[in-house]
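Colleague: Okay, so here is target-v8.cif, and as you'll see once you scroll down, it has mmCIF, C-alpha atoms.
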```cif
data_data
loop_
_atom_site.label_atom_id
_atom_site.label_comp_id
_atom_site.auth_asym_id
_atom_site.auth_seq_id
_atom_site.Cartn_x
_atom_site.Cartn_y
_atom_site.Cartn_z
CA MET A 1 27.28 -9.98 1.69
CA ILE A 2 26.24 -6.86 -0.18
CA ILE A 3 22.82 -5.78 1.08
CA THR A 4 21.01 -3.14 -0.92
CA ILE A 5 18.09 -1.53 0.87
CA VAL A 6 15.50 0.33 -1.15
CA GLY A 7 13.99 3.01 1.04
CA ALA A 8 15.38 5.22 3.79
CA GLY A 9 12.67 5.09 6.43
CA ASN A 10 12.50 3.44 9.83
CA MET A 11 12.55 -0.14 8.58
CA ALA A 12 15.50 0.67 6.30
CA ARG A 13 17.32 2.09 9.30
CA SER A 14 16.66 -0.96 11.46
CA ILE A 15 17.55 -3.55 8.81
CA ALA A 16 20.68 -1.59 7.90
CA THR A 17 21.64 -1.46 11.57
CA ARG A 18 21.33 -5.26 11.87
CA ALA A 19 23.19 -5.76 8.58
CA LEU A 20 26.05 -3.53 9.75
CA ALA A 21 26.15 -5.38 13.07
CA GLY A 22 26.69 -8.47 10.93
CA GLU A 23 29.54 -6.70 9.11
CA HIS A 24 27.85 -6.70 5.73
CA THR A 25 28.16 -3.99 3.08
CA VAL A 26 25.04 -1.84 2.95
CA ARG A 27 23.90 0.29 0.03
CA LEU A 28 20.95 2.62 0.51
CA VAL A 29 18.79 3.53 -2.48
CA ASP A 30 15.98 6.06 -2.17
CA HIS A 31 14.09 8.24 -4.62
CA SER A 32 15.49 11.05 -2.48
CA PRO A 33 19.29 10.58 -2.69
CA GLN A 34 19.66 13.14 0.10
CA LYS A 35 17.48 11.09 2.43
CA ALA A 36 19.57 7.98 1.72
CA ALA A 37 22.80 9.94 2.20
CA ASP A 38 21.52 11.33 5.50
CA LEU A 39 20.62 7.86 6.75
CA ALA A 40 24.02 6.51 5.71
CA GLU A 41 25.70 9.32 7.64
CA GLN A 42 23.57 8.66 10.70
CA LEU A 43 24.36 4.95 10.58
CA ARG A 44 28.08 5.67 10.40
CA ALA A 45 27.85 8.18 13.23
CA GLY A 46 25.80 5.81 15.38
CA ALA A 47 28.00 2.75 14.95
CA PRO A 48 29.56 1.23 18.06
CA PRO A 49 33.14 2.33 18.90
CA GLY A 50 35.66 0.40 16.84
CA ALA A 51 33.13 -0.68 14.21
CA THR A 52 33.78 0.21 10.59
CA PRO A 53 30.31 0.49 9.10
CA ASP A 54 30.38 0.00 5.35
CA VAL A 55 27.28 1.92 4.33
CA THR A 56 26.80 4.31 1.43
CA GLN A 57 24.06 6.05 -0.44
CA SER A 58 23.72 4.60 -3.91
CA ASP A 59 21.65 5.19 -7.00
CA ALA A 60 19.52 2.49 -8.55
CA ILE A 61 22.65 0.79 -9.90
CA GLY A 62 23.18 -0.25 -6.27
CA VAL A 63 20.96 -3.23 -6.86
CA GLU A 64 23.47 -4.73 -9.30
CA GLY A 65 25.67 -7.36 -7.74
CA ALA A 66 23.81 -7.24 -4.43
CA ASP A 67 23.30 -10.53 -2.64
CA LEU A 68 20.01 -9.24 -1.24
CA VAL A 69 17.80 -6.34 -2.31
CA VAL A 70 15.47 -5.43 0.54
CA LEU A 71 12.31 -3.61 -0.47
CA ALA A 72 11.90 -1.33 2.54
CA VAL A 73 9.08 0.63 0.95
CA PRO A 74 5.35 0.37 1.63
CA TYR A 75 3.20 -1.96 -0.43
CA PRO A 76 2.23 -1.49 -3.25
CA ALA A 77 5.33 0.61 -4.10
CA GLY A 78 7.38 -2.58 -3.96
CA LEU A 79 5.46 -3.92 -6.95
CA ALA A 80 6.74 -1.09 -9.14
CA VAL A 81 10.29 -1.44 -7.84
CA ALA A 82 10.33 -5.19 -8.54
CA ALA A 83 9.20 -4.55 -12.10
CA GLU A 84 11.45 -1.53 -12.66
CA TYR A 85 14.74 -3.22 -11.75
CA GLY A 86 14.03 -6.13 -14.06
CA THR A 87 17.10 -8.08 -15.09
CA ALA A 88 19.40 -5.81 -13.08
CA LEU A 89 18.42 -8.12 -10.23
CA ALA A 90 19.88 -11.22 -11.88
CA GLY A 91 21.75 -13.21 -9.24
CA SER A 92 20.17 -11.27 -6.42
CA VAL A 93 17.22 -12.01 -4.17
CA LEU A 94 14.35 -9.62 -3.50
CA VAL A 95 13.27 -9.41 0.13
CA ASP A 96 9.70 -8.27 0.71
CA ILE A 97 9.17 -6.92 4.22
CA SER A 98 5.82 -5.26 3.61
CA ASN A 99 2.54 -5.38 5.48
CA PRO A 100 -0.21 -4.60 2.99
CA VAL A 101 -2.63 -3.31 5.62
CA ASP A 102 -5.73 -1.46 4.53
CA PHE A 103 -5.08 1.71 6.53
CA ALA A 104 -8.44 3.17 5.50
CA THR A 105 -10.29 0.58 7.59
CA PHE A 106 -7.48 -0.99 9.66
CA ASP A 107 -9.63 -4.10 9.43
CA GLY A 108 -7.84 -6.22 6.85
CA LEU A 109 -5.37 -6.27 3.99
CA VAL A 110 -5.41 -4.61 0.58
CA VAL A 111 -4.27 -7.82 -1.13
CA ALA A 112 -7.01 -10.27 -2.07
CA ALA A 113 -7.71 -13.22 0.22
CA GLY A 114 -5.78 -16.27 -0.96
CA THR A 115 -2.68 -14.34 -1.98
CA SER A 116 -0.08 -12.05 -0.39
CA ALA A 117 1.99 -8.98 -1.12
CA ALA A 118 5.03 -11.24 -1.45
CA GLU A 119 3.38 -13.41 -4.10
CA ARG A 120 2.20 -10.31 -5.98
CA ILE A 121 5.74 -8.91 -5.94
CA ALA A 122 7.13 -12.25 -7.14
CA ALA A 123 4.70 -12.09 -10.05
CA GLU A 124 6.12 -8.66 -11.04
CA ALA A 125 9.79 -9.58 -10.65
CA ALA A 126 11.85 -10.68 -13.66
CA PRO A 127 11.86 -14.46 -14.26
CA GLY A 128 14.49 -16.17 -12.13
CA VAL A 129 14.64 -13.45 -9.48
CA PRO A 130 13.56 -15.11 -6.24
CA VAL A 131 11.41 -13.29 -3.69
CA VAL A 132 11.70 -14.01 0.02
CA LYS A 133 9.27 -12.74 2.65
CA ALA A 134 11.01 -11.74 5.87
CA PHE A 135 11.11 -9.11 8.62
CA ASN A 136 7.44 -8.17 8.14
CA THR A 137 6.62 -9.50 11.62
CA CYS A 138 9.19 -7.15 13.18
CA PHE A 139 8.43 -3.56 14.12
CA ALA A 140 11.14 -1.04 13.24
CA GLY A 141 11.64 0.11 16.83
CA THR A 142 12.20 -3.39 18.18
CA LEU A 143 14.29 -4.49 15.20
CA LEU A 144 16.69 -1.59 15.67
CA GLY A 145 18.18 -3.18 18.80
CA GLY A 146 17.28 -6.68 17.70
CA ARG A 147 15.95 -7.94 21.01
CA VAL A 148 12.68 -8.18 22.91
CA ALA A 149 12.30 -9.15 26.56
CA GLY A 150 16.00 -10.03 26.55
CA LEU A 151 15.66 -12.47 23.64
CA PRO A 152 16.78 -12.15 20.01
CA LEU A 153 13.94 -11.27 17.67
CA ASP A 154 12.50 -14.04 15.52
CA VAL A 155 12.74 -13.37 11.79
CA LEU A 156 10.11 -15.52 10.10
CA ILE A 157 11.19 -16.35 6.56
CA ALA A 158 9.05 -17.71 3.72
CA GLY A 159 10.18 -18.42 0.20
CA ASP A 160 10.43 -20.92 -2.60
CA ASP A 161 14.17 -20.42 -3.21
CA GLU A 162 16.41 -22.20 -0.74
CA GLU A 163 19.52 -20.13 -1.52
CA GLY A 164 17.50 -16.93 -1.13
CA LYS A 165 16.22 -18.06 2.24
CA ARG A 166 19.74 -19.08 3.26
CA ARG A 167 21.03 -15.55 2.55
CA VAL A 168 18.22 -13.94 4.52
CA ALA A 169 18.83 -16.33 7.41
CA GLU A 170 22.54 -15.42 7.30
CA LEU A 171 21.68 -11.72 7.39
CA ALA A 172 19.40 -12.28 10.38
CA ALA A 173 21.75 -14.54 12.33
CA SER A 174 24.82 -12.36 11.74
CA GLY A 175 22.82 -9.39 13.00
CA GLY A 176 21.98 -11.14 16.26
CA LEU A 177 18.50 -12.27 15.27
CA ASN A 178 16.86 -15.70 15.23
CA PRO A 179 15.92 -16.81 11.69
CA LEU A 180 13.03 -19.28 11.33
CA ASP A 181 12.24 -20.80 7.95
CA VAL A 182 8.47 -21.25 7.93
CA GLY A 183 8.10 -22.70 4.45
CA PRO A 184 7.19 -21.71 0.89
CA LEU A 185 6.44 -18.18 -0.28
CA ARG A 186 2.70 -18.69 0.03
CA ARG A 187 3.13 -18.83 3.80
CA ALA A 188 3.54 -15.05 3.43
CA ARG A 189 -0.28 -15.06 3.51
CA GLU A 190 -0.24 -16.10 7.14
CA LEU A 191 2.75 -13.90 8.03
CA GLU A 192 0.95 -10.86 6.64
CA ALA A 193 -2.32 -11.85 8.31
CA PHE A 194 -0.83 -12.26 11.75
CA GLN A 195 1.28 -9.12 11.68
CA PHE A 196 -1.85 -7.21 10.71
CA LEU A 197 -3.51 -8.60 13.84
CA HIS A 198 -0.41 -7.70 15.85
CA MET A 199 -0.58 -4.12 14.52
CA ALA A 200 -4.34 -3.82 14.98
CA ALA A 201 -4.12 -4.96 18.61
CA GLN A 202 -1.31 -2.59 19.66
CA GLU A 203 -3.50 0.04 21.27
CA ARG A 204 -5.86 -2.48 22.87
CA LEU A 205 -2.91 -4.33 24.42
CA GLY A 206 -1.06 -1.15 25.39
CA LEU A 207 2.05 -2.29 23.54
CA ASN A 208 3.15 0.97 21.89
CA TRP A 209 4.77 -0.80 18.88
CA SER A 210 7.54 -2.19 21.03
CA SER A 211 6.39 -5.81 20.96
CA ALA A 212 7.47 -8.77 18.87
CA ILE A 213 6.06 -12.15 17.92
CA LYS A 214 8.15 -15.10 19.02
CA ILE A 215 7.75 -18.82 18.59
CA LEU A 216 9.15 -20.17 21.85
CA SER A 217 9.87 -23.74 22.82
CA MET B 22 -17.17 -20.40 37.04
CA ILE B 23 -18.77 -23.51 35.61
CA ILE B 24 -16.78 -24.59 32.55
CA THR B 25 -18.34 -27.22 30.33
CA ILE B 26 -15.95 -28.82 27.88
CA VAL B 27 -17.36 -30.67 24.90
CA GLY B 28 -14.89 -33.36 23.90
CA ALA B 29 -12.52 -35.59 25.87
CA GLY B 30 -9.34 -35.46 23.81
CA ASN B 31 -5.99 -33.83 24.42
CA MET B 32 -7.21 -30.24 24.20
CA ALA B 33 -10.10 -31.04 26.57
CA ARG B 34 -7.58 -32.49 29.01
CA SER B 35 -5.32 -29.44 28.85
CA ILE B 36 -8.08 -26.84 29.14
CA ALA B 37 -9.68 -28.81 31.99
CA THR B 38 -6.30 -28.95 33.74
CA ARG B 39 -5.92 -25.17 33.51
CA ALA B 40 -9.55 -24.65 34.60
CA LEU B 41 -9.06 -26.88 37.64
CA ALA B 42 -5.84 -25.06 38.47
CA GLY B 43 -8.02 -21.95 38.50
CA GLU B 44 -10.44 -23.73 40.89
CA HIS B 45 -13.37 -23.70 38.51
CA THR B 46 -16.03 -26.40 38.20
CA VAL B 47 -15.47 -28.55 35.12
CA ARG B 48 -18.08 -30.66 33.36
CA LEU B 49 -16.96 -32.98 30.58
CA VAL B 50 -19.40 -33.88 27.81
CA ASP B 51 -18.48 -36.40 25.13
CA HIS B 52 -20.46 -38.56 22.74
CA SER B 53 -18.70 -41.38 24.59
CA PRO B 54 -19.75 -40.92 28.24
CA GLN B 55 -17.13 -43.48 29.22
CA LYS B 56 -14.35 -41.45 27.62
CA ALA B 57 -15.49 -38.34 29.48
CA ALA B 58 -15.75 -40.30 32.75
CA ASP B 59 -12.26 -41.71 32.24
CA LEU B 60 -10.83 -38.25 31.64
CA ALA B 61 -12.60 -36.90 34.72
CA GLU B 62 -11.11 -39.72 36.79
CA GLN B 63 -7.63 -39.07 35.40
CA LEU B 64 -7.91 -35.37 36.15
CA ARG B 65 -8.94 -36.10 39.72
CA ALA B 66 -6.12 -38.60 40.13
CA GLY B 67 -3.57 -36.23 38.60
CA ALA B 68 -4.46 -33.19 40.67
CA PRO B 69 -1.76 -31.69 42.88
CA PRO B 70 -1.74 -32.81 46.53
CA GLY B 71 -4.30 -30.90 48.56
CA ALA B 72 -6.30 -29.80 45.51
CA THR B 73 -9.99 -30.66 45.36
CA PRO B 74 -10.65 -30.93 41.63
CA ASP B 75 -14.33 -30.42 40.87
CA VAL B 76 -14.64 -32.33 37.61
CA THR B 77 -17.36 -34.70 36.49
CA GLN B 78 -18.60 -36.42 33.39
CA SER B 79 -21.89 -34.95 32.29
CA ASP B 80 -24.45 -35.52 29.59
CA ALA B 81 -25.47 -32.80 27.17
CA ILE B 82 -27.46 -31.09 29.92
CA GLY B 83 -24.05 -30.08 31.24
CA VAL B 84 -24.12 -27.08 28.96
CA GLU B 85 -27.05 -25.58 30.86
CA GLY B 86 -26.00 -22.97 33.35
CA ALA B 87 -22.37 -23.10 32.30
CA ASP B 88 -20.49 -19.83 32.21
CA LEU B 89 -18.40 -21.11 29.31
CA VAL B 90 -18.96 -23.99 26.91
CA VAL B 91 -15.67 -24.90 25.26
CA LEU B 92 -15.95 -26.74 21.95
CA ALA B 93 -12.93 -29.02 22.22
CA VAL B 94 -13.85 -30.96 19.11
CA PRO B 95 -12.35 -30.69 15.64
CA TYR B 96 -13.86 -28.37 13.09
CA PRO B 97 -16.40 -28.82 11.50
CA ALA B 98 -17.94 -30.92 14.32
CA GLY B 99 -18.26 -27.73 16.36
CA LEU B 100 -20.74 -26.38 13.84
CA ALA B 101 -23.17 -29.20 14.59
CA VAL B 102 -22.69 -28.86 18.34
CA ALA B 103 -23.38 -25.11 18.24
CA ALA B 104 -26.60 -25.74 16.33
CA GLU B 105 -27.66 -28.75 18.40
CA TYR B 106 -27.50 -27.07 21.81
CA GLY B 107 -29.58 -24.15 20.62
CA THR B 108 -31.26 -22.19 23.35
CA ALA B 109 -29.82 -24.49 26.05
CA LEU B 110 -26.81 -22.17 25.74
CA ALA B 111 -28.73 -19.08 26.80
CA GLY B 112 -26.58 -17.11 29.23
CA SER B 113 -23.48 -19.05 28.30
CA VAL B 114 -20.62 -18.32 25.94
CA LEU B 115 -19.33 -20.71 23.28
CA VAL B 116 -15.56 -20.92 23.04
CA ASP B 117 -14.20 -22.07 19.69
CA ILE B 118 -10.66 -23.41 19.95
CA SER B 119 -10.51 -25.07 16.54
CA ASN B 120 -7.96 -24.94 13.77
CA PRO B 121 -9.77 -25.72 10.53
CA VAL B 122 -6.67 -27.00 8.76
CA ASP B 123 -7.03 -28.84 5.48
CA PHE B 124 -5.25 -32.01 6.55
CA ALA B 125 -5.49 -33.46 3.05
CA THR B 126 -3.03 -30.88 1.73
CA PHE B 127 -1.63 -29.31 4.94
CA ASP B 128 -1.37 -26.22 2.80
CA GLY B 129 -4.29 -24.09 3.95
CA LEU B 130 -7.62 -24.02 5.73
CA VAL B 131 -10.94 -25.67 4.92
CA VAL B 132 -12.85 -22.46 5.65
CA ALA B 133 -13.15 -20.00 2.79
CA ALA B 134 -10.74 -17.08 2.62
CA GLY B 135 -12.32 -14.03 4.24
CA THR B 136 -14.02 -15.95 7.03
CA SER B 137 -13.07 -18.24 9.91
CA ALA B 138 -14.26 -21.31 11.76
CA ALA B 139 -15.26 -19.06 14.65
CA GLU B 140 -17.45 -16.89 12.47
CA ARG B 141 -19.05 -19.97 10.88
CA ILE B 142 -19.80 -21.38 14.34
CA ALA B 143 -21.25 -18.04 15.44
CA ALA B 144 -23.55 -18.19 12.42
CA GLU B 145 -24.84 -21.62 13.57
CA ALA B 146 -25.31 -20.71 17.24
CA ALA B 147 -28.68 -19.59 18.59
CA PRO B 148 -29.26 -15.83 18.49
CA GLY B 149 -27.75 -14.13 21.51
CA VAL B 150 -25.21 -16.84 22.25
CA PRO B 151 -21.81 -15.20 21.92
CA VAL B 152 -18.86 -17.02 20.40
CA VAL B 153 -15.30 -16.32 21.50
CA LYS B 154 -12.19 -17.59 19.72
CA ALA B 155 -9.45 -18.62 22.13
CA PHE B 156 -6.80 -21.26 22.85
CA ASN B 157 -6.44 -22.18 19.15
CA THR B 158 -2.88 -20.87 19.13
CA CYS B 159 -1.93 -23.24 21.98
CA PHE B 160 -0.86 -26.83 21.44
CA ALA B 161 -2.33 -29.36 23.86
CA GLY B 162 1.05 -30.50 25.14
CA THR B 163 2.25 -27.02 26.01
CA LEU B 164 -1.12 -25.92 27.40
CA LEU B 165 -1.20 -28.82 29.84
CA GLY B 166 1.53 -27.25 31.97
CA GLY B 167 0.65 -23.73 30.87
CA ARG B 168 4.21 -22.48 30.33
CA VAL B 169 6.77 -22.25 27.56
CA ALA B 170 10.42 -21.31 28.03
CA GLY B 171 9.57 -20.42 31.61
CA LEU B 172 6.83 -17.98 30.63
CA PRO B 173 3.05 -18.29 30.91
CA LEU B 174 1.38 -19.15 27.61
CA ASP B 175 -0.38 -16.38 25.75
CA VAL B 176 -4.06 -17.02 25.14
CA LEU B 177 -5.11 -14.85 22.22
CA ILE B 178 -8.80 -14.01 22.48
CA ALA B 179 -11.08 -12.63 19.76
CA GLY B 180 -14.78 -11.91 20.09
CA ASP B 181 -17.55 -9.39 19.71
CA ASP B 182 -18.97 -9.90 23.20
CA GLU B 183 -17.06 -8.13 25.95
CA GLU B 184 -18.52 -10.21 28.79
CA GLY B 185 -17.71 -13.41 26.91
CA LYS B 186 -14.12 -12.30 26.42
CA ARG B 187 -13.92 -11.29 30.08
CA ARG B 188 -14.91 -14.80 31.17
CA VAL B 189 -12.37 -16.43 28.87
CA ALA B 190 -9.68 -14.06 30.11
CA GLU B 191 -10.63 -14.97 33.70
CA LEU B 192 -10.35 -18.67 32.88
CA ALA B 193 -6.94 -18.13 31.32
CA ALA B 194 -5.55 -15.88 34.05
CA SER B 195 -6.81 -18.05 36.91
CA GLY B 196 -5.14 -21.02 35.23
CA GLY B 197 -1.76 -19.30 35.14
CA LEU B 198 -1.96 -18.15 31.52
CA ASN B 199 -1.62 -14.72 29.93
CA PRO B 200 -4.86 -13.59 28.22
CA LEU B 201 -4.55 -11.13 25.35
CA ASP B 202 -7.67 -9.58 23.83
CA VAL B 203 -6.83 -9.11 20.16
CA GLY B 204 -10.14 -7.65 19.02
CA PRO B 205 -13.39 -8.63 17.34
CA LEU B 206 -14.40 -12.14 16.34
CA ARG B 207 -13.25 -11.62 12.76
CA ARG B 208 -9.67 -11.51 14.01
CA ALA B 209 -10.14 -15.28 14.32
CA ARG B 210 -9.21 -15.26 10.63
CA GLU B 211 -5.68 -14.23 11.48
CA LEU B 212 -5.49 -16.44 14.58
CA GLU B 213 -6.45 -19.47 12.51
CA ALA B 214 -4.09 -18.48 9.70
CA PHE B 215 -1.06 -18.09 11.92
CA GLN B 216 -1.61 -21.24 13.95
CA PHE B 217 -1.87 -23.13 10.68
CA LEU B 218 1.57 -21.75 9.77
CA HIS B 219 2.82 -22.67 13.23
CA MET B 220 1.56 -26.23 12.74
CA ALA B 221 2.85 -26.53 9.19
CA ALA B 222 6.34 -25.40 10.23
CA GLN B 223 6.74 -27.79 13.18
CA GLU B 224 8.78 -30.41 11.38
CA ARG B 225 10.88 -27.88 9.47
CA LEU B 226 11.73 -26.06 12.69
CA GLY B 227 12.26 -29.25 14.70
CA LEU B 228 9.75 -28.13 17.32
CA ASN B 229 7.88 -31.38 18.00
CA TRP B 230 4.60 -29.61 18.92
CA SER B 231 6.07 -28.24 22.11
CA SER B 232 6.27 -24.61 20.99
CA ALA B 233 4.01 -21.64 21.58
CA ILE B 234 3.42 -18.25 20.01
CA LYS B 235 4.01 -15.32 22.30
CA ILE B 236 3.71 -11.60 21.84
CA LEU B 237 6.57 -10.27 23.93
CA SER B 238 7.37 -6.70 24.87
#
```
For the file at hand, write its structure as structure tokens.
Modeller:
Amino acid sequence: MIITIVGAGNMARSIATRALAGEHTVRLVDHSPQKAADLAEQLRAGAPPGATPDVTQSDAIGVEGADLVVLAVPYPAGLAVAAEYGTALAGSVLVDISNPVDFATFDGLVVAAGTSAAERIAAEAAPGVPVVKAFNTCFAGTLLGGRVAGLPLDVLIAGDDEEGKRRVAELAASGGLNPLDVGPLRRARELEAFQFLHMAAQERLGLNWSSAIKILS
Amino acid sequence: MIITIVGAGNMARSIATRALAGEHTVRLVDHSPQKAADLAEQLRAGAPPGATPDVTQSDAIGVEGADLVVLAVPYPAGLAVAAEYGTALAGSVLVDISNPVDFATFDGLVVAAGTSAAERIAAEAAPGVPVVKAFNTCFAGTLLGGRVAGLPLDVLIAGDDEEGKRRVAELAASGGLNPLDVGPLRRARELEAFQFLHMAAQERLGLNWSSAIKILS
């Protein structure tokens, strides 16, 4: 698949690393082209011996023809991106990975109760462009290697578009992760709620942002 | 500790089993004394060889002098129980394990957004009686044995009373479980949200109510 990642921060790095492990084509789009180019270079340099990482910096046109467009930018910036790309996203799927935490209080979310960042982004996207919530329950540091306590990370996936969820599950599985389809897009409410709790409890639990949520059986 | 459990259903059985494994005294209170007596008998009969399970059926007076009073009844029944016991709970700690799922739709909770069953129960309890949220992220079947995938179950604990949380953590740890203090009582909002998702996704994920949420690192 062609995976376009909007953003060049830590989550972009980790998702790109998993996507390259799955032998996908990765395009990096950032408002700073230099930052995206630097990350692409680092990803090529850091690839395992023998791997041929297909990753390039791209301008906004990089969203065209992508199978997935991952919004690896903080909420609410993703709202503007979803609106801005408009019909250029036709045929693609937007992936919202955000955690809309109220960092002023660290005591809740900035989205209203009874909705989610993912649903807000879906409302801004052009008609027919599906939005899938995924990866928000993963921390960048843990996602980079893709494992926790010797187990593949769970990637909890919520969305109303089955083909969109299938592509995200393929990205996750090919990158060595464990995709779990948890239902419709409105389940993003609970995914965002619980990851907020997971973030808020880091210091108390002495976890240092190296933990991950798993559903074990 | 003296652990009084209100209710005689599957969650009462599992929490009592863990409490007896931790060598605590267990009192079972149910509106059907016979049901509580039957459960007490089953717990005695099912105890490991050499164990001396201290478990009895009790009437409502069983809440007096208890270190913990576990409300193992569905929400909103716990609201009435918290109010009914009133000052008989002085010195004790109420433990709310409920998941206030809207079973008519299985698409959300019956408590209003921005609050939680635990906070509603705390509002009904007599002044000075702390409420702790715990065990709601555990299914009865998994909690009975206390392990999932070879690991001790996480017991996520939220509350505003440090001594109350300490007692619940002691119950969990002595019963072979892994207590995790995730913060103040209002974090019950996120605990209830995520367990709802966990319940709602059981069929889709083929889990058959034998799974558990863990925070791994």
Colleague: Measuring atom to atom with all atoms listed in the file, identify which of B:Leu100, B:Thr73, B:Gly86, B:Gln63 is nearest to Glu44 of chain B.
Modeller: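 Of the candidates, the smallest distance to Glu44 of chain B is held by B:Thr73.
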Colleague: Nearest to chain B among A:Asp107, A:Glu124, A:Asp59, A:Glu119, with distances taken over only C-alpha atoms: which residue is it?
Modeller: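 Residue with the minimum atom-to-atom distance to chain B: A:Asp107.
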Colleague: Report as number ranges by chain the full result of the PyMOL selection byres ((chain A and resi 200-208) around 9) when it is applied to this structure.
Modeller: A: 106-107, 195-199, 209-211; B: 201-204, 238
Colleague: Given the file shown, enumerate the residues that the PyMOL selection byres ((chain A and resi 159) around 6) captures and present them as a PyMOL selection string.
Modeller: chain A and resi 132+158+160-161+184-185
Colleague: Identify which of the residues B:Thr46, B:Ala155, B:Leu212, B:Gly166 lies closest to Pro200 of chain B, counting all atoms listed in the file when measuring atom-to-atom distances.
Modeller: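 Nearest to Pro200 of chain B: B:Ala155.
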Colleague: Listed atoms of segment 58-66 of chain B, axis-aligned box, 4 Å per side: centre and edge lengths to one decimal in Å, as AutoDock Vina command-line options?
Modeller:
```
--center_x -10.9 --center_y -38.5 --center_z 35.9 --size_x 17.6 --size_y 14.3 --size_z 16.5
```
Colleague: Using only C-alpha atoms, which residue out of A:Leu28, A:Val63, A:Cys138, A:Leu39 lies closest to Asn99 of chain A?
Modeller: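 Ranked by minimum distance to Asn99 of chain A, first place goes to A:Cys138.
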Colleague: Name the residues that the PyMOL selection byres ((chain A and resi 97) around 7) pulls out of this structure, and write them as a list in words.
Modeller: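 Going through the file, the PyMOL selection byres ((chain A and resi 97) around 7) ends up selecting Leu71, Ala72, Val95, Asp96, Ser98, Asn99, Lys133, Ala134, Phe135 and Asn136 of chain A.
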Colleague: Those same residues, written as a PDB file, keeping the file's coordinate frame with C-alpha atoms?
Modeller:
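File produced: again-v2.pdb:
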```pdb
ATOM      1  CA  LEU A  71      12.310  -3.610  -0.470  1.00  0.00           C
ATOM      2  CA  ALA A  72      11.900  -1.330   2.540  1.00  0.00           C
ATOM      3  CA  VAL A  95      13.270  -9.410   0.130  1.00  0.00           C
ATOM      4  CA  ASP A  96       9.700  -8.270   0.710  1.00  0.00           C
ATOM      5  CA  SER A  98       5.820  -5.260   3.610  1.00  0.00           C
ATOM      6  CA  ASN A  99       2.540  -5.380   5.480  1.00  0.00           C
ATOM      7  CA  LYS A 133       9.270 -12.740   2.650  1.00  0.00           C
ATOM      8  CA  ALA A 134      11.010 -11.740   5.870  1.00  0.00           C
ATOM      9  CA  PHE A 135      11.110  -9.110   8.620  1.00  0.00           C
ATOM     10  CA  ASN A 136       7.440  -8.170   8.140  1.00  0.00           C
TER      11      ASN A 136
END
```
Colleague: Give me the residues near Tyr106 of chain B as a VMD selection string, where near means some atom within 12 Å (using only C-alpha atoms) and where sequence neighbours in that chain fewer than 3 positions away do not count.
Modeller: chain B and resid 27 80 to 85 90 92 99 to 103 109 to 111 113 to 115 145 to 148 150
Colleague: Contacts of Ala57 of chain B at 12 Å or less, counting all atoms listed in the file, minus same-chain residues fewer than 2 places along, as a VMD selection string?
Modeller: chain B and resid 25 to 31 33 to 34 37 47 to 55 59 to 64 76 to 81
Colleague: Could you check how far atom CA of Leu177 of chain A sits from atom CA of Pro152 of chain A, in Å to one decimal?
Modeller: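 Atom-to-atom, atom CA of Leu177 of chain A to atom CA of Pro152 of chain A, that is 5.0 Å.
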Colleague: One decimal, Å: what's the distance from atom CA of Ala42 of chain B over to atom CA of Glu184 of chain B, could you say?
Modeller: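 Between atom CA of Ala42 of chain B and atom CA of Glu184 of chain B the gap is 21.8 Å.
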Colleague: Suppose you want the space between atom CA of Ala172 of chain A and atom CA of Leu156 of chain A; what is it in Å?
Modeller: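 Separation of atom CA of Ala172 of chain A and atom CA of Leu156 of chain A: 9.8 Å.
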Colleague: Restricting the calculation to only C-alpha atoms: of B:Ala87, B:Ala194, B:Ala133, B:Val169, which residue gets closest to chain A?
Modeller: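 Among the listed residues, B:Val169 lies closest to chain A.
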Colleague: Calculated over all atoms listed in the file, which of the candidates B:Ile142, B:Val176, B:Ala134, B:Ala161 has the smallest distance to chain A?
Modeller: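 Residue with the minimum atom-to-atom distance to chain A: B:Ala134.
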Colleague: Would you kindly place N, CA, C and O atoms on segment 191-195 of chain A and return the model as a PDB file, in the frame of the given file?
Modeller:
```
ATOM      1  N   LEU A 191       1.865 -14.891   7.385  1.00  0.00           N
ATOM      2  CA  LEU A 191       2.750 -13.900   8.030  1.00  0.00           C
ATOM      3  C   LEU A 191       2.130 -12.505   7.948  1.00  0.00           C
ATOM      4  O   LEU A 191       2.161 -11.739   8.916  1.00  0.00           O
ATOM      5  N   GLU A 192       1.574 -12.184   6.796  1.00  0.00           N
ATOM      6  CA  GLU A 192       0.950 -10.860   6.640  1.00  0.00           C
ATOM      7  C   GLU A 192      -0.326 -10.765   7.470  1.00  0.00           C
ATOM      8  O   GLU A 192      -0.617  -9.720   8.065  1.00  0.00           O
ATOM      9  N   ALA A 193      -1.080 -11.859   7.520  1.00  0.00           N
ATOM     10  CA  ALA A 193      -2.320 -11.850   8.310  1.00  0.00           C
ATOM     11  C   ALA A 193      -2.020 -11.604   9.780  1.00  0.00           C
ATOM     12  O   ALA A 193      -2.648 -10.757  10.428  1.00  0.00           O
ATOM     13  N   PHE A 194      -1.043 -12.340  10.313  1.00  0.00           N
ATOM     14  CA  PHE A 194      -0.830 -12.260  11.750  1.00  0.00           C
ATOM     15  C   PHE A 194      -0.186 -10.940  12.164  1.00  0.00           C
ATOM     16  O   PHE A 194      -0.492 -10.404  13.234  1.00  0.00           O
ATOM     17  N   GLN A 195       0.690 -10.410  11.319  1.00  0.00           N
ATOM     18  CA  GLN A 195       1.280  -9.120  11.680  1.00  0.00           C
ATOM     19  C   GLN A 195       0.208  -8.022  11.614  1.00  0.00           C
ATOM     20  O   GLN A 195       0.252  -7.074  12.408  1.00  0.00           O
TER      21      GLN A 195
END
```
